[in-house]
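Report on one structure; see the data block that follows.
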Amino acid sequence: MPVRRRGNKLERWEIALIKAMVADGRWPNDQDILAYFTRPTRSINHRAISEIRSNAKHAAIKAATADELEAFVASWPEVDPETGLSLRGDELLIKAREAMISAVHTFNSAGLTFRAELFIVTAVIAWTYLLHAWFKREGIDYRHTKNVNGEKVVVKTPSGAEKYWELGQCLKHARSPIEQGAMDNLNLLLEIRHEIEHRSTSRIDDALSAKLQACCINFNDAIKSMFGAQYALERRLPIALQFVTFSPDQRAILKKAGTLPRHVETTMDNFEQKLTPEQQADPRFAFRVFMVHKTANRAPGADLAVEIVPPGSDVDQKFNMALKEVEKKKYLPAAIVKAMKDEDFEAFTMDSHTRLWKRLGAKDPAKGYGAIAVGNQWCWYDTWLNRVREECQQHPERYKTAQAAALT
């Protein structure tokens with residue numbers, strides 16, 4: 001026998017309407033009244049109507065007015081035409097779906113240069129509403145509370161509304177239904193969102209694309225497992241088409257033209273250093289795929305633009321044998337100096353490099369600029385290479401020869 005969820009209960013506004021329906025007399029049968037308040041995401045036992053009719057429960061709640069009852073009957077059923085969800089009773093779930101759809105549409109929109117930031121902010125809202133909807137159904141109070149003179153009091157916003165949990169608090173709850181990989185993904189995006197809120201960012205789309213893709217897939221999986229496959233987003237979100245394909249050389253040029261902000265790189269590096277290799281490889285944390293040009297052997301296969309290979313399949317194992325994920329690139333000091341000289345900063349020497357990293361305390365592991373690796377030597381990451389490049393670009397008079405500086 002399935003376990004009855006504690007959240008399958010009537011809300012105060014519904015109880016008020018039921019009392020008005022009982023008093024009105026047009027609905028003498030409890031089952032007829034029940035039909036107005038049962039929906040796919042929530043099953044109410046007919047006993048609940050009987051308890052209201054007999055005043056066995058909810059005696060303190062006043063009946064709705066005649067005008068409120070007529071407005072409810074006239075507008076019933078207020079449902080979303082695509083999903084059949086109640087616009088009022090399932091508002092949180094509807095908003096969660098719409099927010100994630102909006103996040104994806106925004107990211108896929110042509111011409112935007114603030115796409116990842118807009119996606120993250122909107123996706124966080126989507127996940128927050130989704131978890132609130134689940135907590136509500138499960139009967140979990142997701143309001144902030146505090147202890148006042150030994151009593152639990154709900155915290156209010158400055159405008160007097162009840163204050164609900166933010167996404168980070170939802171993820172910490174002992175009964176949160178979100179799996180570890182998806183939780184790691186969301187915690188990273190929350191840290192990036194804090195950087196977006198408090199500091200400027202620029203062109204972080206490429207660096208975060210695997211995490212954003214995982215966020216989408218995780219959300220779709222979560223809404224299906226938590227509420228049902230009929231609420232999945234596949235039908236609303238078609239494949240995004242593009243006009244170009246990028247070779248490795250083209251991607252290198254793009255990255256050089258728009259380097260990742262140093263504080264965002266540091267945030268990502270610091271977060272990922274806390275994860276185990278298994279957590280970092282989890283596709284729920286970052287969804288990475290190889291896109292290989294395919295010539296179909298038969299006509300039907302030629303119509304499929306993208307094919308996802310199931311994990312553990314024969315094809316997946318063959319790809320893993322031929323291709324393995326490249327670990328974070330490392331540079332010895334001489335490579336950093338050479339890279340700057342190749343970019344015409346000919347006056348940048350090994351001594352310049354040593355003085356710079358000492359001045360910035362760059363070997364502090366917490367800053368995420370490098371680590372001890374090759375032959376027990378300190379090696380630098382791309383984050384440090386970008387920081388050195390930034391230093392040289394800001395002070396050409398210091399790091400270019402007199403002749404080169406005169407030409408800039």
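Residues are referred to by chain and number: the chain letter is A, B, ... according to the order shown in the structure tokens, the number counts from 1 in that chain, and ligands are numbered separately from 1 in the order shown.
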Segment 213-230 of chain A: which residues within 10 Å, counting only C-alpha atoms, same-chain residues fewer than 6 positions away excluded, as a compact mmCIF listing (two decimals) with C-alpha atoms, in the first residue's frame?
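File produced: part.txt:
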```
# COMPACT_ATOMS: atom_id res chain seq x y z
CA PRO A 40 -2.98 15.03 -10.22
CA THR A 41 -0.34 16.40 -7.84
CA ARG A 42 -2.50 15.91 -4.74
CA GLU A 82 -0.23 22.14 -21.10
CA THR A 83 0.15 20.25 -17.83
CA GLY A 84 -3.31 20.30 -16.25
CA LEU A 93 5.38 23.89 -9.59
CA ALA A 96 9.43 26.35 -11.30
CA ARG A 97 8.84 25.03 -14.83
CA MET A 100 13.69 27.02 -16.00
CA ILE A 101 12.14 27.35 -19.48
CA ALA A 103 16.46 30.44 -18.23
CA VAL A 104 17.11 28.13 -21.17
CA ILE A 120 22.14 31.12 -13.28
CA ALA A 123 17.69 28.74 -12.72
CA VAL A 124 18.25 29.31 -8.99
CA ALA A 126 13.42 27.63 -10.69
CA TRP A 127 15.11 25.17 -8.33
CA LEU A 130 10.64 23.27 -7.27
CA LEU A 131 11.92 22.38 -3.81
CA ALA A 133 6.61 22.70 -4.10
CA TRP A 134 8.07 19.36 -2.98
CA ARG A 137 3.52 18.40 -0.76
CA PRO A 177 15.44 14.82 -2.53
CA ILE A 178 18.36 16.23 -4.56
CA GLU A 179 21.19 13.77 -5.20
CA GLY A 181 26.01 15.37 -7.94
CA ALA A 182 23.12 17.74 -8.60
CA MET A 183 23.64 19.31 -5.18
CA ASN A 185 26.30 21.54 -9.24
CA LEU A 186 23.80 23.87 -7.55
CA LEU A 189 26.21 27.90 -9.27
CA ASP A 282 29.76 13.04 -11.98
CA PRO A 283 27.67 14.13 -15.03
CA ARG A 284 25.16 15.64 -12.61
CA PHE A 285 27.89 18.12 -11.58
CA ALA A 286 29.14 18.93 -15.09
CA PHE A 287 27.66 17.38 -18.21
CA ARG A 288 30.35 16.98 -20.86
```
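Minimum distance to Arg193 of chain A across A:Trp165, A:Phe107, A:Tyr231, A:Phe119 (counting only C-alpha atoms) occurs at A:Phe119.
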Item checked: From A:Gly89, A:Val22, A:Val155, A:Phe37, residue lying nearest Asn55 of chain A [only C-alpha atoms] ->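 Among the listed residues, A:Val22 lies closest to Asn55 of chain A.
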Margin query: Give me the residues near Glu51 of chain A as a list in words, where near means some atom within 12 Å (using only C-alpha atoms) and where sequence neighbours in that chain fewer than 3 positions away do not count.
Written below: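 The residues that qualify are Leu10, Ile15, Ile18, Lys19, Val22, Asp30, Asn45, His46, Arg47, Ala48, Ser54, Asn55, Ala56, Lys57, His58 and Ala59 of chain A.
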Expected file contents, prior selection, all heavy atoms, as a short mmCIF file (atom, residue, chain, number, x, y, z; two decimals), in the first residue's frame:
```cif
data_model
loop_
_atom_site.label_atom_id
_atom_site.label_comp_id
_atom_site.auth_asym_id
_atom_site.auth_seq_id
_atom_site.Cartn_x
_atom_site.Cartn_y
_atom_site.Cartn_z
N LEU A 10 -5.75 19.98 2.61
CA LEU A 10 -6.38 21.20 2.09
C LEU A 10 -5.74 22.44 2.70
O LEU A 10 -5.32 22.44 3.87
CB LEU A 10 -7.87 21.18 2.42
CG LEU A 10 -8.67 20.06 1.73
CD1 LEU A 10 -10.01 19.86 2.44
CD2 LEU A 10 -8.88 20.38 0.26
N ILE A 15 -10.43 25.31 2.46
CA ILE A 15 -11.38 24.96 3.53
C ILE A 15 -12.49 26.01 3.61
O ILE A 15 -13.67 25.66 3.79
CB ILE A 15 -10.63 24.84 4.87
CG1 ILE A 15 -9.63 23.68 4.81
CG2 ILE A 15 -11.59 24.66 6.03
CD1 ILE A 15 -8.65 23.64 5.97
N ILE A 18 -14.89 25.31 0.84
CA ILE A 18 -15.69 24.11 1.10
C ILE A 18 -16.80 24.42 2.10
O ILE A 18 -17.95 23.96 1.94
CB ILE A 18 -14.78 22.97 1.62
CG1 ILE A 18 -13.86 22.49 0.49
CG2 ILE A 18 -15.61 21.81 2.17
CD1 ILE A 18 -12.78 21.55 0.94
N LYS A 19 -16.49 25.19 3.12
CA LYS A 19 -17.53 25.58 4.08
C LYS A 19 -18.64 26.37 3.40
O LYS A 19 -19.84 26.18 3.69
CB LYS A 19 -16.92 26.40 5.21
CG LYS A 19 -16.09 25.58 6.19
CD LYS A 19 -15.73 26.38 7.43
CE LYS A 19 -15.08 25.48 8.48
NZ LYS A 19 -14.84 26.18 9.75
N VAL A 22 -20.78 23.90 1.39
CA VAL A 22 -21.67 23.14 2.27
C VAL A 22 -22.88 23.98 2.66
O VAL A 22 -24.03 23.52 2.63
CB VAL A 22 -20.90 22.66 3.52
CG1 VAL A 22 -21.87 22.10 4.56
CG2 VAL A 22 -19.86 21.62 3.14
N ASP A 30 -20.63 14.93 -0.51
CA ASP A 30 -19.22 15.23 -0.24
C ASP A 30 -18.34 14.93 -1.46
O ASP A 30 -17.35 15.64 -1.72
CB ASP A 30 -18.72 14.43 0.96
CG ASP A 30 -19.33 14.89 2.27
OD1 ASP A 30 -19.99 15.95 2.26
OD2 ASP A 30 -19.16 14.20 3.28
N ASN A 45 -8.59 12.72 0.56
CA ASN A 45 -9.57 11.72 0.96
C ASN A 45 -10.92 12.39 1.19
O ASN A 45 -10.99 13.49 1.74
CB ASN A 45 -9.09 11.01 2.23
CG ASN A 45 -9.89 9.77 2.54
OD1 ASN A 45 -11.06 9.85 2.91
ND2 ASN A 45 -9.25 8.62 2.41
N HIS A 46 -12.00 11.71 0.79
CA HIS A 46 -13.34 12.30 0.95
C HIS A 46 -13.68 12.52 2.42
O HIS A 46 -14.56 13.32 2.75
CB HIS A 46 -14.40 11.39 0.31
CG HIS A 46 -14.54 10.05 0.97
ND1 HIS A 46 -15.36 9.84 2.06
CD2 HIS A 46 -13.95 8.86 0.71
CE1 HIS A 46 -15.27 8.57 2.43
NE2 HIS A 46 -14.42 7.96 1.63
N ARG A 47 -12.98 11.83 3.33
CA ARG A 47 -13.20 12.03 4.76
C ARG A 47 -12.94 13.49 5.17
O ARG A 47 -13.58 14.01 6.10
CB ARG A 47 -12.30 11.09 5.55
CG ARG A 47 -12.48 11.17 7.07
CD ARG A 47 -11.56 10.21 7.82
NE ARG A 47 -10.16 10.56 7.65
CZ ARG A 47 -9.30 9.86 6.93
NH1 ARG A 47 -9.71 8.78 6.29
NH2 ARG A 47 -8.03 10.22 6.83
N ALA A 48 -12.01 14.16 4.46
CA ALA A 48 -11.68 15.55 4.80
C ALA A 48 -12.90 16.46 4.62
O ALA A 48 -13.10 17.40 5.40
CB ALA A 48 -10.54 16.03 3.92
N SER A 54 -19.03 18.43 9.34
CA SER A 54 -19.47 18.17 10.71
C SER A 54 -18.77 19.04 11.75
O SER A 54 -19.04 18.88 12.96
CB SER A 54 -19.22 16.70 11.05
OG SER A 54 -17.83 16.41 11.03
N ASN A 55 -17.88 19.94 11.28
CA ASN A 55 -17.09 20.79 12.19
C ASN A 55 -16.17 19.98 13.10
O ASN A 55 -15.76 20.47 14.16
CB ASN A 55 -17.99 21.69 13.04
CG ASN A 55 -18.44 22.92 12.29
OD1 ASN A 55 -17.71 23.45 11.45
ND2 ASN A 55 -19.66 23.37 12.56
N ALA A 56 -15.86 18.76 12.70
CA ALA A 56 -14.93 17.95 13.49
C ALA A 56 -13.51 18.52 13.40
O ALA A 56 -12.70 18.32 14.30
CB ALA A 56 -14.94 16.50 12.98
N LYS A 57 -13.22 19.23 12.29
CA LYS A 57 -11.92 19.88 12.13
C LYS A 57 -12.12 21.26 11.51
O LYS A 57 -13.14 21.53 10.88
CB LYS A 57 -11.00 19.04 11.23
CG LYS A 57 -10.43 17.81 11.89
CD LYS A 57 -9.38 17.14 11.00
CE LYS A 57 -8.75 15.95 11.69
NZ LYS A 57 -7.71 15.30 10.83
N HIS A 58 -11.13 22.13 11.71
CA HIS A 58 -11.06 23.46 11.09
C HIS A 58 -12.22 24.36 11.50
O HIS A 58 -12.67 25.21 10.72
CB HIS A 58 -11.03 23.34 9.55
CG HIS A 58 -10.05 22.32 9.04
ND1 HIS A 58 -8.70 22.42 9.26
CD2 HIS A 58 -10.25 21.17 8.33
CE1 HIS A 58 -8.10 21.38 8.70
NE2 HIS A 58 -9.01 20.61 8.13
N ALA A 59 -12.69 24.20 12.71
CA ALA A 59 -13.82 25.02 13.16
C ALA A 59 -13.49 26.50 13.20
O ALA A 59 -14.39 27.35 13.06
CB ALA A 59 -14.26 24.54 14.54
#
```
Notebook entry, point to check: So how many Å separate atom CA of Lys400 of chain A and atom CA of Thr349 of chain A, to one decimal?
Noted result: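 These atoms are spaced 10.4 Å apart.
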